[in-house]
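Asks: Sending over upload_18.cif (mmCIF, C-alpha atoms and all ligand atoms).
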data_final
loop_
_atom_site.label_atom_id
_atom_site.label_comp_id
_atom_site.auth_asym_id
_atom_site.auth_seq_id
_atom_site.Cartn_x
_atom_site.Cartn_y
_atom_site.Cartn_z
CA MET F 1 3.76 62.85 -6.70
CA SER F 2 3.07 59.31 -7.88
CA LYS F 3 -0.46 58.41 -8.91
CA LEU F 4 -2.86 56.45 -6.71
CA ARG F 5 -2.82 52.82 -7.87
CA LEU F 6 -6.13 50.94 -8.03
CA GLY F 7 -6.72 47.22 -7.69
CA VAL F 8 -10.12 46.41 -9.18
CA LEU F 9 -11.92 43.22 -8.09
CA VAL F 10 -14.56 41.92 -10.50
CA SER F 11 -16.77 38.86 -11.05
CA GLY F 12 -18.76 39.69 -14.17
CA GLY F 13 -19.33 41.99 -17.11
CA GLY F 14 -17.27 44.83 -15.71
CA SER F 15 -19.24 47.83 -16.98
CA ASN F 16 -18.16 49.74 -13.86
CA LEU F 17 -14.56 48.75 -14.59
CA GLN F 18 -15.10 50.15 -18.09
CA SER F 19 -16.37 53.46 -16.76
CA ILE F 20 -13.29 53.73 -14.53
CA ILE F 21 -11.01 52.90 -17.47
CA ASP F 22 -12.75 55.53 -19.64
CA ASN F 23 -12.42 58.16 -16.92
CA VAL F 24 -8.71 57.37 -16.47
CA GLU F 25 -8.13 57.60 -20.21
CA SER F 26 -10.04 60.90 -20.50
CA GLY F 27 -7.87 62.38 -17.73
CA TYR F 28 -10.80 62.88 -15.30
CA LEU F 29 -9.38 60.34 -12.86
CA PRO F 30 -5.81 61.00 -11.69
CA VAL F 31 -5.15 57.31 -10.96
CA GLU F 32 -3.62 54.23 -12.52
CA ILE F 33 -5.39 50.87 -12.70
CA ALA F 34 -2.57 48.62 -11.51
CA ILE F 35 -4.33 45.24 -11.59
CA VAL F 36 -7.75 43.69 -12.24
CA ILE F 37 -8.50 40.52 -10.29
CA SER F 38 -11.48 38.35 -11.19
CA SER F 39 -13.07 35.71 -8.97
CA LYS F 40 -14.35 33.95 -12.12
CA ASP F 41 -12.70 32.75 -15.29
CA GLY F 42 -13.85 33.90 -18.72
CA VAL F 43 -15.84 36.97 -17.62
CA TYR F 44 -16.06 39.99 -19.92
CA ALA F 45 -14.36 42.27 -17.36
CA LEU F 46 -11.10 40.40 -18.11
CA GLU F 47 -11.50 41.12 -21.82
CA ARG F 48 -11.98 44.82 -21.05
CA ALA F 49 -8.72 44.87 -19.04
CA LYS F 50 -6.87 43.09 -21.84
CA ARG F 51 -8.12 45.55 -24.49
CA HIS F 52 -6.73 48.43 -22.46
CA ASN F 53 -3.42 46.72 -21.63
CA ILE F 54 -4.22 46.52 -17.93
CA PRO F 55 -2.67 43.57 -16.07
CA SER F 56 -5.28 41.05 -14.94
CA THR F 57 -5.47 37.72 -13.18
CA VAL F 58 -8.04 35.19 -12.03
CA VAL F 59 -8.17 33.97 -8.42
CA ILE F 60 -10.96 31.46 -7.91
CA PRO F 61 -12.12 31.05 -4.28
CA ARG F 62 -12.88 27.33 -4.54
CA ASN F 63 -9.27 26.60 -5.50
CA TYR F 64 -8.18 27.52 -1.97
CA LYS F 65 -8.63 25.38 1.10
CA SER F 66 -9.93 28.25 3.23
CA ARG F 67 -11.28 31.77 2.85
CA GLU F 68 -8.17 33.04 4.62
CA ASP F 69 -5.88 31.34 2.09
CA TYR F 70 -7.91 32.81 -0.78
CA GLU F 71 -7.80 36.30 0.73
CA ASP F 72 -4.06 35.95 1.46
CA GLU F 73 -3.53 35.38 -2.25
CA LEU F 74 -5.55 38.51 -3.08
CA ILE F 75 -3.60 40.54 -0.50
CA LYS F 76 -0.29 39.26 -1.88
CA ILE F 77 -1.19 40.22 -5.45
CA LEU F 78 -2.58 43.64 -4.50
CA ASN F 79 0.52 44.45 -2.46
CA SER F 80 2.85 43.26 -5.21
CA TYR F 81 1.19 45.84 -7.51
CA ASN F 82 1.49 48.58 -4.83
CA VAL F 83 -2.26 49.07 -4.76
CA GLY F 84 -3.38 52.06 -2.68
CA LEU F 85 -7.15 51.68 -3.14
CA VAL F 86 -9.14 48.48 -3.70
CA ILE F 87 -12.25 48.90 -5.86
CA LEU F 88 -15.00 46.28 -5.77
CA ALA F 89 -16.80 46.50 -9.10
CA GLY F 90 -19.46 43.85 -9.44
CA TYR F 91 -17.37 41.58 -7.21
CA ILE F 92 -19.70 39.09 -5.57
CA LYS F 93 -17.75 37.69 -2.59
CA VAL F 94 -18.04 39.25 0.87
CA LEU F 95 -14.57 39.96 2.22
CA SER F 96 -13.71 38.98 5.78
CA LEU F 97 -12.20 41.11 8.52
CA HIS F 98 -8.86 39.54 7.64
CA PHE F 99 -8.90 41.16 4.20
CA VAL F 100 -10.55 44.41 5.34
CA ARG F 101 -7.88 44.94 8.02
CA SER F 102 -5.17 44.65 5.39
CA PHE F 103 -6.58 47.70 3.58
CA PRO F 104 -8.15 49.84 6.32
CA ASN F 105 -10.47 52.49 4.82
CA ARG F 106 -8.91 51.68 1.47
CA ILE F 107 -11.65 49.51 -0.03
CA MET F 108 -14.69 50.91 -1.87
CA ASN F 109 -17.82 49.14 -3.04
CA ILE F 110 -20.77 50.21 -5.18
CA HIS F 111 -24.26 48.95 -4.38
CA PRO F 112 -27.20 49.38 -6.77
CA ALA F 113 -29.69 50.69 -4.17
CA LEU F 114 -29.91 53.35 -1.46
CA ILE F 115 -28.22 51.77 1.59
CA PRO F 116 -29.49 50.90 4.22
CA SER F 117 -32.44 49.71 2.09
CA PHE F 118 -32.27 46.61 -0.10
CA CYS F 119 -28.74 45.66 0.89
CA GLY F 120 -26.80 43.07 2.87
CA GLU F 121 -26.46 39.31 2.48
CA GLY F 122 -28.31 37.99 -0.56
CA TYR F 123 -28.95 41.41 -2.13
CA TYR F 124 -26.88 41.38 -5.29
CA GLY F 125 -27.44 41.72 -9.02
CA SER F 126 -31.03 41.59 -10.25
CA LYS F 127 -32.24 40.42 -6.81
CA VAL F 128 -31.80 43.99 -5.56
CA HIS F 129 -33.97 45.51 -8.29
CA LYS F 130 -36.59 42.79 -7.99
CA ALA F 131 -36.81 43.41 -4.22
CA VAL F 132 -37.19 47.18 -4.79
CA MET F 133 -40.03 46.57 -7.26
CA ASP F 134 -41.75 43.88 -5.18
CA TYR F 135 -41.76 46.27 -2.22
CA GLY F 136 -43.33 49.00 -4.31
CA ALA F 137 -40.59 51.55 -3.60
CA LYS F 138 -40.87 54.69 -5.74
CA ILE F 139 -37.22 55.65 -5.44
CA THR F 140 -34.07 53.56 -5.50
CA GLY F 141 -30.54 54.57 -6.36
CA VAL F 142 -26.83 53.97 -6.01
CA THR F 143 -24.48 53.99 -3.04
CA VAL F 144 -20.68 54.08 -2.97
CA HIS F 145 -19.28 53.20 0.44
CA PHE F 146 -16.12 52.18 2.21
CA VAL F 147 -16.05 48.49 3.01
CA ASP F 148 -15.99 47.18 6.55
CA GLU F 149 -16.38 43.57 7.69
CA GLY F 150 -20.17 43.56 7.17
CA ALA F 151 -22.16 43.18 3.97
CA ASP F 152 -22.86 46.73 2.67
CA THR F 153 -22.46 48.28 6.14
CA GLY F 154 -19.43 50.57 5.77
CA PRO F 155 -19.40 54.40 5.82
CA ILE F 156 -21.31 55.95 2.90
CA ILE F 157 -19.32 58.17 0.52
CA LEU F 158 -21.85 59.19 -2.17
CA GLN F 159 -25.45 58.35 -3.00
CA ARG F 160 -27.69 59.21 -5.94
CA ALA F 161 -31.44 58.63 -6.28
CA VAL F 162 -33.08 56.95 -9.27
CA PRO F 163 -36.90 56.94 -9.72
CA VAL F 164 -38.77 53.66 -10.11
CA LYS F 165 -41.30 53.88 -12.95
CA ASP F 166 -44.68 52.10 -13.05
CA ASP F 167 -43.75 50.20 -16.20
CA ASP F 168 -40.25 49.21 -15.05
CA THR F 169 -39.04 45.64 -15.05
CA PRO F 170 -36.04 44.64 -12.89
CA GLU F 171 -34.01 44.82 -16.14
CA THR F 172 -35.06 48.34 -17.18
CA LEU F 173 -34.58 49.56 -13.62
CA ALA F 174 -31.12 47.93 -13.43
CA ALA F 175 -30.12 49.68 -16.66
CA ARG F 176 -31.22 53.11 -15.35
CA VAL F 177 -29.39 52.50 -12.05
CA LEU F 178 -26.27 51.31 -13.88
CA GLU F 179 -26.11 54.59 -15.85
CA GLN F 180 -25.78 56.42 -12.54
CA GLU F 181 -23.26 53.88 -11.21
CA HIS F 182 -21.00 54.73 -14.12
CA LYS F 183 -20.99 58.39 -13.06
CA ILE F 184 -20.91 58.14 -9.29
CA TYR F 185 -18.10 55.58 -8.92
CA PRO F 186 -15.54 57.69 -10.81
CA ASP F 187 -16.68 60.70 -8.76
CA ALA F 188 -16.04 58.86 -5.47
CA ILE F 189 -12.65 57.57 -6.64
CA LYS F 190 -11.66 61.08 -7.71
CA LEU F 191 -12.54 62.46 -4.26
CA TYR F 192 -10.39 59.76 -2.67
CA ALA F 193 -7.50 60.36 -5.08
CA GLU F 194 -7.62 64.07 -4.24
CA ASP F 195 -7.52 63.19 -0.52
CA ARG F 196 -10.84 64.96 0.05
CA LEU F 197 -12.56 62.21 2.08
CA LYS F 198 -12.24 61.97 5.85
CA ILE F 199 -14.01 59.33 7.94
CA TYR F 200 -15.46 60.23 11.36
CA GLY F 201 -17.01 57.06 12.81
CA ARG F 202 -19.78 56.13 10.37
CA LYS F 203 -19.69 59.49 8.62
CA VAL F 204 -17.64 60.50 5.63
CA LYS F 205 -16.99 64.22 5.29
CA ILE F 206 -16.22 65.55 1.84
CA PHE F 207 -13.88 68.53 1.76
CA SER F 208 -14.01 71.10 -1.00
CA LYS F 209 -10.81 71.76 -2.96
CA GLU F 210 -10.46 75.18 -1.29
CA GLU F 211 -10.31 73.59 2.17
CA PHE F 212 -7.02 71.94 1.23
C1 LIG L 301 -23.57 46.55 -10.61
O1 LIG L 301 -24.93 46.85 -10.51
C2 LIG L 301 -22.91 46.75 -9.27
O2 LIG L 301 -23.49 47.78 -8.51
C3 LIG L 301 -23.14 45.46 -8.58
O3 LIG L 301 -23.02 44.49 -9.59
C4 LIG L 301 -23.35 45.05 -10.86
C5 LIG L 301 -22.21 44.69 -11.76
O4 LIG L 301 -21.93 45.52 -12.76
N1 LIG L 301 -22.30 45.33 -7.42
P1 LIG L 301 -20.63 45.44 -13.68
O5 LIG L 301 -19.97 44.08 -13.57
O6 LIG L 301 -19.73 46.56 -13.24
O7 LIG L 301 -21.19 45.67 -15.06
#
Represent the structure contained in this file as structure tokens.

Replies:
Amino acid sequence: MSKLRLGVLVSGGGSNLQSIIDNVESGYLPVEIAIVISSKDGVYALERAKRHNIPSTVVIPRNYKSREDYEDELIKILNSYNVGLVILAGYIKVLSLHFVRSFPNRIMNIHPALIPSFCGEGYYGSKVHKAVMDYGAKITGVTVHFVDEGADTGPIILQRAVPVKDDDTPETLAARVLEQEHKIYPDAIKLYAEDRLKIYGRKVKIFSKEEF
């Protein structure tokens, strides 16, 4: 059987991309990273792809006359690389229904908080951790979910809690959350690659290996 092919969308440093690369290279993830697409030029995620001989390209939204044209370009590239699962890894654009419908239940995102808290429009990067701390929450975490047309609203696949410490800053909290991101995202991708995820409405059921 041929391996699941991933298309990874990035906009920044790409530490989640790196954790996926490492887990592919160690043999934990039975997938191939077919293409990395960045929405920004010169980001470190592109360097990571290059170092591991993974094809990469830059598609900048503002170079297209509409969101649909931009997303059509993404869809064209992903299809030309026979991508079976789209992975958003620190990718900062919200994708429209047009894009989501092209990859139904085949797009995953990671969010650095416990959805449905501290998520949605405007909650990205350090803003999430600052909001958690300003609110005085004692626990935050990580969520991997399928992407629907909303911002962080799709069915939840895996979540992991991370404690907020009294002496945390948004930076120290982000670093502790990121450590968990690097574990949970490969776990979710592995479940998908092993065909162990089934979606029932909003709920994702995880099947054990024995059930298959
Ligand atoms: C991560 O916290 C991710 O959850 C969020 O953006 C951050 C980017 O991390 N969506 P990286 O680019 O993978 O290092």

Asks: With all atoms listed in the file counted, collect every polymer residue having an atom within 10 Å of ligand LIG 301 (chain L); state the result as a PyMOL selection string.

Replies: chain F and resi 9-20+43-45+88-92+109-113+123-126+128-129+142-144+174-175+177-182+185

Asks: Which protein, DNA or RNA residues have an atom at most 9 Å from (-18.3, 55.6, -0.8), counting all atoms listed in the file? List them as a PDB file with C-alpha atoms, in the frame of the given file.

Replies:
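The file below, selection.pdb, is the result:
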ATOM      1  CA  MET F 108     -14.690  50.910  -1.870  1.00  0.00           C
ATOM      2  CA  ASN F 109     -17.820  49.140  -3.040  1.00  0.00           C
ATOM      3  CA  ILE F 110     -20.770  50.210  -5.180  1.00  0.00           C
ATOM      4  CA  THR F 143     -24.480  53.990  -3.040  1.00  0.00           C
ATOM      5  CA  VAL F 144     -20.680  54.080  -2.970  1.00  0.00           C
ATOM      6  CA  HIS F 145     -19.280  53.200   0.440  1.00  0.00           C
ATOM      7  CA  PHE F 146     -16.120  52.180   2.210  1.00  0.00           C
ATOM      8  CA  VAL F 147     -16.050  48.490   3.010  1.00  0.00           C
ATOM      9  CA  GLY F 154     -19.430  50.570   5.770  1.00  0.00           C
ATOM     10  CA  PRO F 155     -19.400  54.400   5.820  1.00  0.00           C
ATOM     11  CA  ILE F 156     -21.310  55.950   2.900  1.00  0.00           C
ATOM     12  CA  ILE F 157     -19.320  58.170   0.520  1.00  0.00           C
ATOM     13  CA  LEU F 158     -21.850  59.190  -2.170  1.00  0.00           C
ATOM     14  CA  GLN F 159     -25.450  58.350  -3.000  1.00  0.00           C
ATOM     15  CA  TYR F 185     -18.100  55.580  -8.920  1.00  0.00           C
ATOM     16  CA  ALA F 188     -16.040  58.860  -5.470  1.00  0.00           C
ATOM     17  CA  ILE F 189     -12.650  57.570  -6.640  1.00  0.00           C
ATOM     18  CA  VAL F 204     -17.640  60.500   5.630  1.00  0.00           C
TER      19      VAL F 204
END

Asks: Enter the distance from atom CA of Pro116 of chain F to atom CA of Lys183 of chain F, in Å, rounded to one decimal.

Replies: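 We find that atom CA of Pro116 of chain F and atom CA of Lys183 of chain F lie 20.7 Å from each other.
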
Asks: With distances taken over only C-alpha atoms, which residue among F:Thr153, F:Ser38, F:Thr169, F:Ser96 lies nearest Lys203 of chain F?

Replies: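 Among the listed residues, the smallest separation from Lys203 of chain F belongs to F:Thr153.
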
Asks: Which value, in Å to one decimal, gives the distance between atom CA of Ile37 of chain F and atom CA of Ser56 of chain F?

Replies: 5.7 Å
